[in-house]
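*Asks:* Below is the file entry-v3.cif, with mmCIF, C-alpha atoms and all ligand atoms.
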data_query
#
loop_
_atom_site.label_atom_id
_atom_site.label_comp_id
_atom_site.auth_asym_id
_atom_site.auth_seq_id
_atom_site.Cartn_x
_atom_site.Cartn_y
_atom_site.Cartn_z
CA MET A 12 1.64 -9.91 12.38
CA VAL A 13 2.32 -12.09 9.35
CA ASP A 14 3.20 -15.76 8.81
CA THR A 15 5.12 -15.98 5.55
CA LYS A 16 6.82 -19.17 6.72
CA THR A 17 3.64 -21.28 6.81
CA GLN A 18 2.49 -19.67 3.59
CA TYR A 19 5.78 -20.63 1.91
CA GLN A 20 5.47 -24.27 3.03
CA LYS A 21 2.27 -24.58 0.97
CA ILE A 22 3.86 -23.35 -2.27
CA LYS A 23 7.42 -24.48 -1.57
CA ASP A 24 7.74 -26.86 -4.52
CA GLN A 25 6.65 -24.29 -7.08
CA VAL A 26 8.71 -21.48 -5.55
CA ASP A 27 11.84 -23.63 -5.24
CA THR A 28 11.48 -24.79 -8.84
CA GLY A 29 11.17 -21.19 -9.99
CA ILE A 30 14.22 -20.08 -8.02
CA HIS A 31 16.30 -23.02 -9.23
CA LYS A 32 15.40 -22.21 -12.81
CA VAL A 33 16.82 -18.73 -12.29
CA LEU A 34 19.97 -20.18 -10.73
CA ASP A 35 20.41 -22.53 -13.68
CA SER A 36 19.79 -19.80 -16.23
CA ALA A 37 22.22 -17.40 -14.50
CA ALA A 38 20.02 -14.53 -15.73
CA TYR A 39 19.75 -13.02 -12.28
CA ILE A 40 18.79 -9.61 -13.58
CA ASN A 41 16.21 -9.01 -16.29
CA GLY A 42 15.58 -12.72 -16.78
CA THR A 43 12.48 -14.28 -18.31
CA PRO A 44 10.56 -14.39 -14.97
CA VAL A 45 10.69 -10.59 -14.74
CA ARG A 46 9.07 -10.12 -18.14
CA GLU A 47 6.58 -12.93 -17.45
CA PHE A 48 5.61 -11.44 -14.12
CA ALA A 49 5.09 -7.96 -15.59
CA LYS A 50 2.85 -9.50 -18.27
CA ASN A 51 0.91 -11.63 -15.77
CA LEU A 52 0.38 -8.71 -13.42
CA SER A 53 -0.86 -6.49 -16.28
CA LEU A 54 -3.37 -9.20 -17.17
CA TYR A 55 -4.49 -9.61 -13.56
CA LEU A 56 -4.97 -5.87 -13.08
CA ASN A 57 -6.28 -5.25 -16.58
CA VAL A 58 -3.78 -2.45 -17.16
CA ASN A 59 -1.77 -1.79 -20.31
CA HIS A 60 1.69 -1.48 -18.77
CA THR A 61 3.48 -2.83 -15.71
CA ILE A 62 7.04 -1.60 -15.11
CA THR A 63 8.81 -3.53 -12.38
CA CYS A 64 11.34 -1.87 -10.09
CA ALA A 65 13.29 -2.36 -6.88
CA ASN A 66 10.70 -1.41 -4.24
CA GLY A 67 7.53 0.55 -3.61
CA THR A 68 9.35 3.71 -2.62
CA ASP A 69 11.30 3.74 -5.90
CA ALA A 70 8.02 3.13 -7.73
CA LEU A 71 6.63 6.36 -6.26
CA GLN A 72 9.85 8.24 -7.01
CA ILE A 73 10.01 7.05 -10.62
CA ALA A 74 6.32 7.90 -11.08
CA MET A 75 6.90 11.45 -9.87
CA MET A 76 10.06 11.82 -11.97
CA ALA A 77 8.16 10.78 -15.11
CA LEU A 78 5.55 13.50 -14.74
CA GLY A 79 8.01 16.32 -15.36
CA LEU A 80 7.24 18.16 -12.14
CA GLU A 81 9.43 21.14 -11.22
CA ALA A 82 11.02 22.12 -7.91
CA GLY A 83 8.43 23.71 -5.66
CA ASP A 84 5.45 22.14 -7.40
CA GLU A 85 2.88 21.02 -4.87
CA VAL A 86 1.81 17.43 -4.38
CA ILE A 87 -1.22 16.71 -2.22
CA THR A 88 -0.98 13.61 -0.01
CA PRO A 89 -2.60 12.34 3.16
CA SER A 90 -0.61 12.92 6.34
CA PHE A 91 -1.91 9.62 7.68
CA THR A 92 0.26 7.24 5.64
CA TYR A 93 3.55 5.39 5.57
CA VAL A 94 6.51 7.75 5.27
CA ALA A 95 7.51 6.62 1.76
CA THR A 96 4.56 8.37 0.13
CA THR A 97 5.50 11.80 1.39
CA GLU A 98 9.27 11.34 1.59
CA VAL A 99 9.79 10.97 -2.16
CA VAL A 100 7.91 14.23 -2.73
CA ALA A 101 10.44 16.07 -0.58
CA LEU A 102 13.36 14.10 -2.01
CA LEU A 103 12.48 15.38 -5.49
CA LYS A 104 12.37 18.98 -4.18
CA LEU A 105 8.62 19.09 -4.63
CA LYS A 106 6.41 20.41 -1.86
CA PRO A 107 4.26 17.92 0.04
CA VAL A 108 0.88 19.35 1.02
CA PHE A 109 -0.71 17.25 3.74
CA VAL A 110 -4.45 16.84 3.89
CA GLU A 111 -6.99 15.22 6.13
CA VAL A 112 -8.38 11.71 5.89
CA ASP A 113 -11.89 10.38 6.36
CA LYS A 114 -12.52 9.27 9.94
CA ALA A 115 -14.38 6.10 8.96
CA THR A 116 -12.15 4.76 6.19
CA PHE A 117 -8.73 6.31 7.04
CA ASN A 118 -8.43 7.38 3.40
CA ILE A 119 -7.76 10.82 1.91
CA ASP A 120 -10.76 13.14 2.04
CA PRO A 121 -11.71 14.52 -1.42
CA VAL A 122 -13.17 17.69 0.12
CA ALA A 123 -9.84 18.35 1.84
CA ILE A 124 -8.01 17.76 -1.44
CA GLU A 125 -10.04 20.36 -3.28
CA ALA A 126 -9.56 22.88 -0.46
CA ALA A 127 -5.77 22.43 -0.63
CA ILE A 128 -5.40 23.11 -4.35
CA THR A 129 -3.35 26.20 -5.31
CA PRO A 130 -1.99 27.41 -8.67
CA ARG A 131 1.18 25.38 -7.92
CA THR A 132 -0.60 22.07 -7.30
CA LYS A 133 0.45 19.49 -9.88
CA ALA A 134 -0.46 16.10 -8.46
CA ILE A 135 -2.53 14.18 -5.94
CA VAL A 136 -1.21 11.00 -4.33
CA PRO A 137 -4.07 9.04 -2.76
CA VAL A 138 -3.01 6.03 -0.68
CA HIS A 139 -5.34 3.02 -0.58
CA LEU A 140 -4.63 2.59 3.10
CA TYR A 141 -4.85 -0.78 4.89
CA GLY A 142 -6.36 -2.42 1.81
CA GLN A 143 -9.39 -0.42 0.71
CA ALA A 144 -9.58 2.16 -2.05
CA ALA A 145 -9.67 5.89 -1.56
CA ASN A 146 -12.57 7.66 -3.28
CA MET A 147 -11.02 7.46 -6.76
CA GLU A 148 -14.05 8.59 -8.71
CA GLU A 149 -14.19 11.91 -6.85
CA ILE A 150 -10.42 12.25 -6.85
CA MET A 151 -10.27 11.74 -10.63
CA ALA A 152 -13.05 14.30 -11.09
CA ILE A 153 -11.14 16.86 -9.00
CA ALA A 154 -7.95 16.08 -10.93
CA SER A 155 -9.68 16.56 -14.24
CA ARG A 156 -11.29 19.87 -13.16
CA HIS A 157 -7.91 21.24 -12.06
CA ASN A 158 -5.72 19.46 -14.60
CA LEU A 159 -3.72 17.46 -12.05
CA PHE A 160 -1.91 14.14 -12.20
CA VAL A 161 -2.98 11.32 -9.89
CA ILE A 162 -0.52 8.74 -8.57
CA GLU A 163 -2.23 5.93 -6.67
CA ASP A 164 -0.07 4.50 -3.90
CA ASN A 165 -1.40 0.96 -4.08
CA ALA A 166 1.26 -0.65 -1.87
CA GLN A 167 -1.36 -1.86 0.61
CA ALA A 168 -4.26 -2.72 -1.68
CA ILE A 169 -3.10 -4.81 -4.62
CA GLY A 170 -6.05 -6.82 -5.92
CA CYS A 171 -8.64 -4.47 -4.44
CA ASN A 172 -11.74 -3.85 -6.60
CA TYR A 173 -13.22 -0.42 -7.15
CA THR A 174 -16.77 -0.09 -8.45
CA LEU A 175 -17.42 3.09 -10.44
CA SER A 176 -20.90 4.62 -10.30
CA ASN A 177 -21.64 3.24 -13.79
CA GLY A 178 -21.04 -0.26 -12.42
CA THR A 179 -17.62 -0.80 -14.04
CA VAL A 180 -15.20 -2.59 -11.75
CA LYS A 181 -11.52 -1.62 -11.84
CA LYS A 182 -8.49 -2.71 -9.87
CA THR A 183 -6.88 -0.11 -7.63
CA GLY A 184 -3.65 1.22 -9.11
CA THR A 185 -5.10 1.33 -12.63
CA MET A 186 -7.38 4.37 -12.44
CA GLY A 187 -4.96 7.24 -11.85
CA THR A 188 -2.35 8.63 -14.25
CA ILE A 189 0.04 6.16 -12.66
CA GLY A 190 -0.28 3.52 -9.95
CA THR A 191 2.51 2.09 -7.79
CA THR A 192 2.92 -0.90 -5.52
CA SER A 193 5.39 -2.70 -3.28
CA PHE A 194 6.28 -6.40 -3.03
CA TYR A 195 7.87 -6.06 0.41
CA PRO A 196 7.49 -9.53 2.04
CA SER A 197 4.66 -8.53 4.38
CA LYS A 198 2.58 -6.86 1.66
CA ASN A 199 -0.45 -8.73 0.27
CA LEU A 200 1.59 -9.79 -2.75
CA GLY A 201 4.96 -10.13 -1.06
CA ALA A 202 8.26 -11.32 -2.52
CA TYR A 203 11.07 -12.89 -0.47
CA GLY A 204 13.01 -9.66 -0.63
CA ASP A 205 12.34 -6.22 -2.04
CA GLY A 206 10.37 -5.40 -5.14
CA GLY A 207 7.97 -2.88 -6.61
CA ALA A 208 5.99 -2.02 -9.72
CA ILE A 209 4.47 0.91 -11.58
CA PHE A 210 1.26 0.79 -13.63
CA THR A 211 -0.12 2.97 -16.38
CA ASN A 212 -2.45 2.81 -19.36
CA ASP A 213 -0.51 5.60 -21.11
CA ASP A 214 1.93 4.25 -23.74
CA VAL A 215 4.17 7.36 -23.78
CA LEU A 216 4.35 7.50 -20.00
CA ALA A 217 5.10 3.77 -19.85
CA GLU A 218 8.15 4.19 -22.06
CA LYS A 219 9.37 7.09 -19.95
CA LEU A 220 8.85 5.18 -16.68
CA GLN A 221 10.80 2.24 -18.08
CA MET A 222 13.65 4.51 -19.14
CA ILE A 223 13.83 6.35 -15.81
CA ALA A 224 14.00 3.05 -13.93
CA ASN A 225 16.95 2.13 -16.14
CA HIS A 226 19.33 5.12 -16.04
CA GLY A 227 17.28 7.09 -18.56
CA GLN A 228 18.19 4.78 -21.41
CA LYS A 229 16.18 2.94 -24.02
CA VAL A 230 19.21 1.93 -26.06
CA ARG A 231 22.10 0.78 -23.93
CA TYR A 232 24.64 3.53 -23.17
CA TYR A 233 22.48 6.25 -24.77
CA HIS A 234 21.03 8.12 -21.84
CA GLU A 235 18.27 10.51 -22.79
CA MET A 236 17.29 11.71 -19.34
CA VAL A 237 18.38 11.50 -15.72
CA GLY A 238 17.01 8.33 -14.23
CA CYS A 239 17.95 5.87 -11.54
CA ASN A 240 18.79 2.21 -11.18
CA SER A 241 15.77 0.33 -9.96
CA ARG A 242 15.25 -3.32 -10.88
CA LEU A 243 13.19 -6.27 -9.72
CA ASP A 244 15.56 -9.25 -9.75
CA SER A 245 14.71 -12.53 -11.47
CA MET A 246 14.47 -14.60 -8.28
CA GLN A 247 11.92 -12.25 -6.74
CA ALA A 248 9.97 -12.28 -10.00
CA ALA A 249 10.00 -16.10 -9.97
CA VAL A 250 8.54 -16.04 -6.43
CA LEU A 251 5.97 -13.43 -7.39
CA ASN A 252 4.89 -15.40 -10.46
CA VAL A 253 3.87 -18.24 -8.16
CA LYS A 254 2.26 -16.03 -5.53
CA LEU A 255 0.25 -13.99 -8.04
CA LYS A 256 -1.69 -17.16 -8.90
CA TYR A 257 -2.81 -17.34 -5.26
CA LEU A 258 -3.46 -13.65 -4.70
CA ASP A 259 -7.25 -13.97 -4.89
CA GLU A 260 -7.17 -16.93 -2.51
CA TYR A 261 -4.95 -14.94 -0.15
CA ILE A 262 -7.37 -12.04 -0.27
CA THR A 263 -10.28 -14.35 0.57
CA ALA A 264 -8.35 -15.75 3.54
CA ARG A 265 -7.73 -12.22 4.82
CA GLN A 266 -11.39 -11.30 4.37
CA LYS A 267 -12.43 -14.40 6.34
CA ALA A 268 -10.11 -13.47 9.18
CA ALA A 269 -11.48 -9.92 9.14
CA ALA A 270 -15.06 -11.22 9.26
CA PHE A 271 -14.15 -13.29 12.32
CA TYR A 272 -12.74 -10.23 14.12
CA ASP A 273 -15.71 -8.08 12.99
CA ASN A 274 -18.08 -10.58 14.50
CA ALA A 275 -16.12 -10.94 17.74
CA PHE A 276 -16.00 -7.17 18.30
CA ALA A 277 -19.41 -6.27 16.87
CA SER A 278 -21.11 -5.36 20.12
CA VAL A 279 -18.12 -3.94 21.95
CA GLU A 280 -18.62 -0.27 22.65
CA ASN A 281 -14.94 0.61 22.99
CA ILE A 282 -13.98 -0.88 19.65
CA THR A 283 -14.73 0.46 16.20
CA VAL A 284 -14.11 -2.20 13.57
CA PRO A 285 -12.94 -1.16 10.08
CA LYS A 286 -15.64 0.18 7.77
CA THR A 287 -15.52 -0.39 4.04
CA ALA A 288 -16.70 2.39 1.73
CA HIS A 289 -19.52 1.48 -0.68
CA PHE A 290 -17.36 1.86 -3.83
CA THR A 291 -14.62 -0.59 -2.82
CA ASN A 292 -14.02 -4.00 -1.36
CA HIS A 293 -11.39 -4.51 1.33
CA VAL A 294 -8.31 -6.70 0.92
CA TYR A 295 -7.24 -6.19 4.55
CA HIS A 296 -3.55 -5.54 4.29
CA GLN A 297 -4.15 -4.52 7.89
CA TYR A 298 -7.02 -5.13 10.24
CA THR A 299 -7.05 -1.88 12.15
CA ILE A 300 -9.49 -1.07 14.90
CA LEU A 301 -10.07 2.12 16.86
CA VAL A 302 -10.13 1.83 20.62
CA GLU A 303 -11.67 4.42 22.90
CA GLY A 304 -11.97 4.62 26.66
CA VAL A 305 -9.08 2.16 27.03
CA ASP A 306 -5.35 2.81 27.10
CA ARG A 307 -4.30 1.76 23.62
CA ASP A 308 -0.62 1.39 24.47
CA GLU A 309 -1.43 -0.71 27.54
CA LEU A 310 -3.60 -2.92 25.34
CA SER A 311 -0.68 -3.39 22.98
CA LYS A 312 1.62 -4.26 25.90
CA TYR A 313 -0.91 -6.70 27.29
CA LEU A 314 -1.29 -8.44 23.93
CA SER A 315 2.44 -8.68 23.63
CA SER A 316 2.61 -10.29 27.11
CA VAL A 317 0.35 -13.09 25.82
CA GLN A 318 2.37 -13.52 22.61
CA ILE A 319 0.00 -11.57 20.38
CA PRO A 320 1.73 -9.08 18.13
CA SER A 321 0.02 -5.78 17.38
CA MET A 322 1.20 -2.62 15.64
CA ILE A 323 0.38 1.06 15.63
CA TYR A 324 0.18 2.19 12.00
CA TYR A 325 1.05 5.06 12.29
CA PRO A 326 1.99 6.60 15.62
CA VAL A 327 3.22 9.89 14.11
CA PRO A 328 1.53 11.38 11.04
CA ALA A 329 3.67 12.95 8.31
CA HIS A 330 2.90 16.53 9.31
CA ARG A 331 4.34 15.88 12.78
CA GLN A 332 7.55 14.26 11.56
CA LYS A 333 10.81 16.21 12.03
CA MET A 334 11.58 15.30 8.43
CA PHE A 335 8.92 17.76 7.26
CA ALA A 336 9.60 20.62 9.67
CA ALA A 337 10.92 22.69 6.75
CA PHE A 338 7.58 22.24 5.00
CA GLY A 339 5.69 23.80 7.89
CA GLY A 340 4.55 20.44 9.17
CA SER A 341 3.71 21.66 12.66
CA ASP A 342 1.56 24.49 11.25
CA TYR A 343 -0.95 22.02 9.88
CA ASN A 344 -4.21 21.54 11.67
CA LEU A 345 -5.35 17.96 10.95
CA PRO A 346 -7.54 16.96 13.88
CA VAL A 347 -8.94 13.76 12.34
CA THR A 348 -5.44 12.52 11.53
CA ASP A 349 -4.22 13.30 15.06
CA TRP A 350 -7.32 11.69 16.55
CA LEU A 351 -6.73 8.50 14.54
CA THR A 352 -3.04 8.22 15.38
CA GLU A 353 -3.99 8.13 19.05
CA ARG A 354 -6.60 5.38 18.68
CA VAL A 355 -5.61 2.95 15.93
CA ILE A 356 -4.22 -0.48 16.63
CA SER A 357 -3.66 -3.22 14.06
CA LEU A 358 -4.16 -6.87 14.97
CA PRO A 359 -2.49 -9.91 13.39
CA MET A 360 -3.74 -10.21 9.80
CA HIS A 361 -2.44 -12.66 7.24
CA THR A 362 -3.36 -15.64 5.09
CA GLU A 363 -2.58 -18.38 7.61
CA LEU A 364 -4.73 -17.42 10.61
CA ASP A 365 -6.93 -20.28 11.76
CA GLU A 366 -10.03 -20.01 13.96
CA GLU A 367 -8.16 -21.01 17.06
CA GLN A 368 -5.63 -18.23 16.60
CA LEU A 369 -8.31 -15.68 15.76
CA GLN A 370 -10.31 -16.70 18.82
CA TYR A 371 -7.20 -16.39 20.98
CA VAL A 372 -6.57 -12.86 19.73
CA ALA A 373 -10.21 -11.82 20.08
CA ASP A 374 -10.51 -13.32 23.59
CA HIS A 375 -7.47 -11.46 24.84
CA VAL A 376 -8.50 -8.14 23.30
CA LEU A 377 -11.89 -8.53 24.97
CA LYS A 378 -10.35 -9.64 28.25
CA PHE A 379 -8.29 -6.47 28.40
CA ILE A 380 -11.17 -4.25 27.41
CA ASN A 381 -13.62 -5.78 29.90
CA LYS A 382 -11.21 -5.90 32.79
C1 LIG B 401 5.13 -0.37 1.93
C2 LIG B 401 4.65 0.94 1.46
C3 LIG B 401 5.42 1.74 0.58
C4 LIG B 401 6.85 1.47 0.25
O1 LIG B 401 7.17 0.24 -0.22
P1 LIG B 401 8.68 -0.32 -0.06
O2 LIG B 401 8.69 -1.49 -0.97
O3 LIG B 401 8.88 -0.67 1.37
O4 LIG B 401 9.61 0.75 -0.51
C5 LIG B 401 4.85 2.90 0.11
N1 LIG B 401 3.62 3.28 0.46
C6 LIG B 401 2.86 2.57 1.32
C7 LIG B 401 1.50 3.05 1.65
C8 LIG B 401 3.36 1.38 1.85
O5 LIG B 401 2.60 0.68 2.71
#
Written as structure tokens, that's how I'd like the structure from this file.

*Replies:*
Amino acid sequence: MVDTKTQYQKIKDQVDTGIHKVLDSAAYINGTPVREFAKNLSLYLNVNHTITCANGTDALQIAMMALGLEAGDEVITPSFTYVATTEVVALLKLKPVFVEVDKATFNIDPVAIEAAITPRTKAIVPVHLYGQAANMEEIMAIASRHNLFVIEDNAQAIGCNYTLSNGTVKKTGTMGTIGTTSFYPSKNLGAYGDGGAIFTNDDVLAEKLQMIANHGQKVRYYHEMVGCNSRLDSMQAAVLNVKLKYLDEYITARQKAAAFYDNAFASVENITVPKTAHFTNHVYHQYTILVEGVDRDELSKYLSSVQIPSMIYYPVPAHRQKMFAAFGGSDYNLPVTDWLTERVISLPMHTELDEEQLQYVADHVLKFINK
């Protein structure tokens, strides 16, 4: 699905130099690269504060901890997402409320959000799934009408541009109360290990997020609140500092690969290629198609038999996970989400795909479909 090895070969000298600098400095934790990376990422995203942490799941947890939510408070999230988004809600004794997504974009449906709001609702967690933005302008309007926090789960869409109706362009992860992301190796901005970050424009919140990520302390050994231990290490930051410089190039490479697939599948009735909403561009963390009238799992098996990886993101939506049985998961009626989980399949998508590889994938998908 990804080819981080070839990608590394192209930036090896810079990455190795960065890592060796960390080794020589012996500042493995909280070294200069961590502060540099936070600063560089803030500049790239045009956001006031970037707080680095250990992974994208911690980023979500720390974000929710900083908002002062109380046990039983409701947090609205899509059911069609990676487990981390919804898991941290339950972990913090908050109540996840699962809502429907839009059939065309796979992203949380603002109408469904508004319908799910109760007096206990405190926050909305939109996920910019597969690499395109959820409808942030409408979500922010709903949040402001009902006085709710918004945490953008931007783990799959770092670098994505959102165009507001007044023409202003913003990066995803910088429009909500807080944004979060992950630097898991296969993410669009991937480290060579785990990593994550939290974004906000709010100075007070930024200080609190920083403290929570560091055992609730600002001054060493004076702990003002219950926090956790969540750090990005210096070597990962050194890697990320190099890769951030190439993020826009990486995004372009993904978009080119997506355009190739789009073109190859354009007139195929059984395939629906990804659609991009008018207010966002697409950074293609995944290239996910919908297949109908063909056995999706057989297609996946066939591709695998010709050495083409494919993935089903996600075979089981949150509301159908055992994990959430206590939250009445099975009582939810989310037909679009269920419909999507039965039809989605993600094809290889990364920065190193050449035309020959793309053609090979497309040919075999078509061969199976036309057989
Ligand atoms: C990857 C991912 C996360 C979690 O990130 P980790 O670094 O693996 O903890 C959270 N949300 C979404 C949507 C993701 O894709």

*Asks:* For ligand LIG 401 (chain B), what centre and edge lengths in Å (one decimal) does the axis-aligned box get once 8 Å is added on each side of all its listed atoms, as lines of an AutoDock Vina configuration file?

*Replies:*
center_x = 5.6
center_y = 0.9
center_z = 0.9
size_x = 24.1
size_y = 20.8
size_z = 19.7

*Asks:* Kindly assemble as JSON lines a list of the chain A residues that lie within 8 Å of ligand LIG 401 (chain B), each paired with its nearest atom pair and their distance in Å to one decimal, using all atoms listed in the file, sorted first by chain and then by ascending residue number.

*Replies:*
{"residue": "A:Ala65", "atom": "CA", "partner": "B:LIG401", "partner_atom": "O2", "distance": 7.5}
{"residue": "A:Asn66", "atom": "CA", "partner": "B:LIG401", "partner_atom": "O2", "distance": 3.8}
{"residue": "A:Gly67", "atom": "CA", "partner": "B:LIG401", "partner_atom": "O1", "distance": 3.4}
{"residue": "A:Thr68", "atom": "CA", "partner": "B:LIG401", "partner_atom": "O4", "distance": 3.6}
{"residue": "A:Asp69", "atom": "CA", "partner": "B:LIG401", "partner_atom": "O4", "distance": 6.4}
{"residue": "A:Ala70", "atom": "CA", "partner": "B:LIG401", "partner_atom": "O4", "distance": 7.8}
{"residue": "A:Leu71", "atom": "CA", "partner": "B:LIG401", "partner_atom": "C5", "distance": 7.5}
{"residue": "A:Thr92", "atom": "CA", "partner": "B:LIG401", "partner_atom": "C7", "distance": 5.9}
{"residue": "A:Tyr93", "atom": "CA", "partner": "B:LIG401", "partner_atom": "C7", "distance": 5.0}
{"residue": "A:Val94", "atom": "CA", "partner": "B:LIG401", "partner_atom": "N1", "distance": 7.2}
{"residue": "A:Ala95", "atom": "CA", "partner": "B:LIG401", "partner_atom": "C5", "distance": 4.9}
{"residue": "A:Thr96", "atom": "CA", "partner": "B:LIG401", "partner_atom": "N1", "distance": 5.2}
{"residue": "A:Val138", "atom": "CA", "partner": "B:LIG401", "partner_atom": "C7", "distance": 5.9}
{"residue": "A:His139", "atom": "CA", "partner": "B:LIG401", "partner_atom": "C7", "distance": 7.2}
{"residue": "A:Leu140", "atom": "CA", "partner": "B:LIG401", "partner_atom": "C7", "distance": 6.3}
{"residue": "A:Tyr141", "atom": "CA", "partner": "B:LIG401", "partner_atom": "O5", "distance": 7.9}
{"residue": "A:Asp164", "atom": "CA", "partner": "B:LIG401", "partner_atom": "N1", "distance": 5.8}
{"residue": "A:Asn165", "atom": "CA", "partner": "B:LIG401", "partner_atom": "C7", "distance": 6.8}
{"residue": "A:Ala166", "atom": "CA", "partner": "B:LIG401", "partner_atom": "C8", "distance": 4.7}
{"residue": "A:Gln167", "atom": "CA", "partner": "B:LIG401", "partner_atom": "O5", "distance": 5.2}
{"residue": "A:Thr192", "atom": "CA", "partner": "B:LIG401", "partner_atom": "O1", "distance": 6.9}
{"residue": "A:Ser193", "atom": "CA", "partner": "B:LIG401", "partner_atom": "O2", "distance": 4.2}
{"residue": "A:Phe194", "atom": "CA", "partner": "B:LIG401", "partner_atom": "O2", "distance": 5.8}
{"residue": "A:Tyr195", "atom": "CA", "partner": "B:LIG401", "partner_atom": "O2", "distance": 4.8}
{"residue": "A:Lys198", "atom": "CA", "partner": "B:LIG401", "partner_atom": "C1", "distance": 7.0}
{"residue": "A:Asp205", "atom": "CA", "partner": "B:LIG401", "partner_atom": "O2", "distance": 6.1}
{"residue": "A:Gly206", "atom": "CA", "partner": "B:LIG401", "partner_atom": "O2", "distance": 6.0}
{"residue": "A:Gly207", "atom": "CA", "partner": "B:LIG401", "partner_atom": "O2", "distance": 5.9}

*Asks:* Got a sec: who's within 8 Å of stretch 116-118 of chain A, counting only C-alpha atoms, leaving out chain neighbours fewer than 5 positions off, as a list in words?

*Replies:*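 Near stretch 116-118 of chain A, the qualifying residues are Pro89, Phe91, Pro137, Val138, His139, Leu140, Ala144, Ala145, Asn146, Pro285, Lys286, Thr287 and Ala288 of chain A.
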
*Asks:* If I take atom CA of A:Ala336 and atom CA of A:Thr348, how far is one from the other in Å, to one decimal?

*Replies:* 17.2 Å

*Asks:* Out of A:Ala202, A:Val376, A:Ala115, A:Ala101, which residue has the shortest atom-to-atom distance to A:Gln247 when counting all atoms listed in the file?

*Replies:*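 Of all the options, A:Ala202 lies closest to A:Gln247.
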
*Asks:* Atom CA of A:Asp365 to atom CA of A:Ser321: how many Å, to one decimal?

*Replies:* 17.0 Å

*Asks:* Find, counting only C-alpha atoms, the residue in A:Val136, A:Lys267, A:Val279, A:Ser197 that gets nearest to A:Phe109.

*Replies:*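 Ranking A:Val136, A:Lys267, A:Val279, A:Ser197 by distance to A:Phe109, first place goes to A:Val136.
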
*Asks:* Choose the residue, out of A:Met186, A:Cys239, A:Ala264, A:Leu358, that has the smallest atom-to-atom separation from A:Tyr298; count all atoms listed in the file.

*Replies:*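 Using all atoms listed in the file, A:Tyr298 sits closest to A:Leu358.
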
*Asks:* Rank nothing, just name the residue among A:Leu56, A:Ala154, A:Ala337, A:Ile128 nearest to A:Tyr173, using all atoms listed in the file.

*Replies:*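 Ranked by minimum distance to A:Tyr173, first place goes to A:Leu56.
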
*Asks:* One number please: atom CA of A:Glu85 to atom CA of A:Lys333, in Å, one decimal.

*Replies:*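 A separation of 19.3 Å between them.
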
*Asks:* Taking all atoms listed in the file into account, which of A:Ile189, A:Glu367, A:Leu54, A:Met334 comes nearest A:Asp213?

*Replies:*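 Looking only at the distances to A:Asp213, the closest residue turns out to be A:Ile189.
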
*Asks:* At most 6 Å from (17.2, -8.0, -14.0), file frame, only C-alpha atoms: which residues, as a ChimeraX atom specification?

*Replies:* /A:39-42,242,244-245

*Asks:* Quick one: residues within 12 Å of A:Ile356, only C-alpha atoms counted, chain neighbours fewer than 3 positions away excluded, as a PDB file with C-alpha atoms, in the frame of the given file?

*Replies:*
ATOM      1  CA  MET A  12       1.640  -9.910  12.380  1.00  0.00           C
ATOM      2  CA  TYR A 141      -4.850  -0.780   4.890  1.00  0.00           C
ATOM      3  CA  ILE A 282     -13.980  -0.880  19.650  1.00  0.00           C
ATOM      4  CA  THR A 283     -14.730   0.460  16.200  1.00  0.00           C
ATOM      5  CA  VAL A 284     -14.110  -2.200  13.570  1.00  0.00           C
ATOM      6  CA  PRO A 285     -12.940  -1.160  10.080  1.00  0.00           C
ATOM      7  CA  GLN A 297      -4.150  -4.520   7.890  1.00  0.00           C
ATOM      8  CA  TYR A 298      -7.020  -5.130  10.240  1.00  0.00           C
ATOM      9  CA  THR A 299      -7.050  -1.880  12.150  1.00  0.00           C
ATOM     10  CA  ILE A 300      -9.490  -1.070  14.900  1.00  0.00           C
ATOM     11  CA  LEU A 301     -10.070   2.120  16.860  1.00  0.00           C
ATOM     12  CA  VAL A 302     -10.130   1.830  20.620  1.00  0.00           C
ATOM     13  CA  GLU A 303     -11.670   4.420  22.900  1.00  0.00           C
ATOM     14  CA  VAL A 305      -9.080   2.160  27.030  1.00  0.00           C
ATOM     15  CA  ASP A 306      -5.350   2.810  27.100  1.00  0.00           C
ATOM     16  CA  ARG A 307      -4.300   1.760  23.620  1.00  0.00           C
ATOM     17  CA  ASP A 308      -0.620   1.390  24.470  1.00  0.00           C
ATOM     18  CA  GLU A 309      -1.430  -0.710  27.540  1.00  0.00           C
ATOM     19  CA  LEU A 310      -3.600  -2.920  25.340  1.00  0.00           C
ATOM     20  CA  SER A 311      -0.680  -3.390  22.980  1.00  0.00           C
ATOM     21  CA  LYS A 312       1.620  -4.260  25.900  1.00  0.00           C
ATOM     22  CA  LEU A 314      -1.290  -8.440  23.930  1.00  0.00           C
ATOM     23  CA  PRO A 320       1.730  -9.080  18.130  1.00  0.00           C
ATOM     24  CA  SER A 321       0.020  -5.780  17.380  1.00  0.00           C
ATOM     25  CA  MET A 322       1.200  -2.620  15.640  1.00  0.00           C
ATOM     26  CA  ILE A 323       0.380   1.060  15.630  1.00  0.00           C
ATOM     27  CA  TYR A 324       0.180   2.190  12.000  1.00  0.00           C
ATOM     28  CA  TYR A 325       1.050   5.060  12.290  1.00  0.00           C
ATOM     29  CA  PRO A 326       1.990   6.600  15.620  1.00  0.00           C
ATOM     30  CA  LEU A 351      -6.730   8.500  14.540  1.00  0.00           C
ATOM     31  CA  THR A 352      -3.040   8.220  15.380  1.00  0.00           C
ATOM     32  CA  GLU A 353      -3.990   8.130  19.050  1.00  0.00           C
ATOM     33  CA  PRO A 359      -2.490  -9.910  13.390  1.00  0.00           C
ATOM     34  CA  MET A 360      -3.740 -10.210   9.800  1.00  0.00           C
ATOM     35  CA  VAL A 376      -8.500  -8.140  23.300  1.00  0.00           C
TER      36      VAL A 376
END
